[in-house]
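Worksheet: one structure, shown below.
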Amino acid sequence: MEDIKLNTTMNPQEMAQLKMQVDTFNKSLVVEGRKPSQELGKDDFLKLLITQLSHQDPTKPTDNTQMIAQMAQFSSLEQMTNMNQEFGKLNQMLNSSSAINTIGKTVQVAIGDTTATGVVEAVSCGPNPQVKIGNMFYDMKQISAVYGE
């Protein structure tokens, strides 16, 4: 039986070719409109994992414990991202609910260095709820006091 020897090191030509492919790929990301970011998202983590798997040495595959740890990290990253999105929705609902609870109540609104007082007639819901006092809409963040009915 003949022993087969695999060369697991790259010569300078192969290193230069790989560097050129990486540089070309990185430039294509900028051309396609991707903006550099200082944060890694779940898509970036998955791309790194796939790249690692596709370029691993076939004679020394990734240890199972490392693979499981990386998959667990990916899973927890995805869950945290999903939770963050849901918390954003919950925050928007709470802000809208707070605005709705001011309808019919007298509120004090800070307008620059002065304040105005009036009864909330209507509200607009959404990411930045507003209250209508008279003919003007004010941001909920401007309300400094809410008085009973």
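Letters A, B, ... mark the chains of the structure tokens in the order given; residue numbers begin at 1 per chain; ligand numbers begin at 1, in order shown.
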
task: Write out as a ChimeraX atom specification all residues of segment 32-115 of chain A that DSSP puts in helix (DSSP H, G or I) for this structure's backbone.
output: /A:42-54,64-100

Strand (DSSP E) call set, DSSP backbone run, chain A, as number ranges by chain: A: 106-111, 114-124, 130-133, 136-139, 143-147

message: List as a list in words the protein and nucleic acid residues near Met71 of chain A, meaning an atom at most 12 Å away when only C-alpha atoms are counted, but skip any in the same chain fewer than 5 places from it.
response: Lys42, Phe45, Leu46, Leu48, Leu49, Ile50, Asn64, Thr65, Gln66, Ser76, Leu77 and Glu78 of chain A

task: Find the residues near segment 136-147 of chain A: any atom within 7 Å, counting only C-alpha atoms, skip ones fewer than 6 places away on the same chain, and give them as a list in words.
output: Ala99, Lys105, Thr106, Val107, Gln108, Val109, Ala110, Pro129 and Gln130 of chain A

For C-alpha atoms, I'd like the residues from the last selection saved as a compact mmCIF listing (two decimals), in the first residue's frame.
# COMPACT_ATOMS: atom_id res chain seq x y z
CA ALA A 99 -49.74 58.52 24.92
CA LYS A 105 -56.09 64.78 30.76
CA THR A 106 -54.45 68.11 31.37
CA VAL A 107 -50.73 68.05 30.67
CA GLN A 108 -47.88 70.48 31.01
CA VAL A 109 -45.62 70.62 27.96
CA ALA A 110 -42.09 72.04 27.93
CA PRO A 129 -45.97 59.21 19.76
CA GLN A 130 -47.29 62.75 19.87

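Interatomic distance, atom CA of Val123 of chain A against atom CA of Asn95 of chain A: 11.1 Å.
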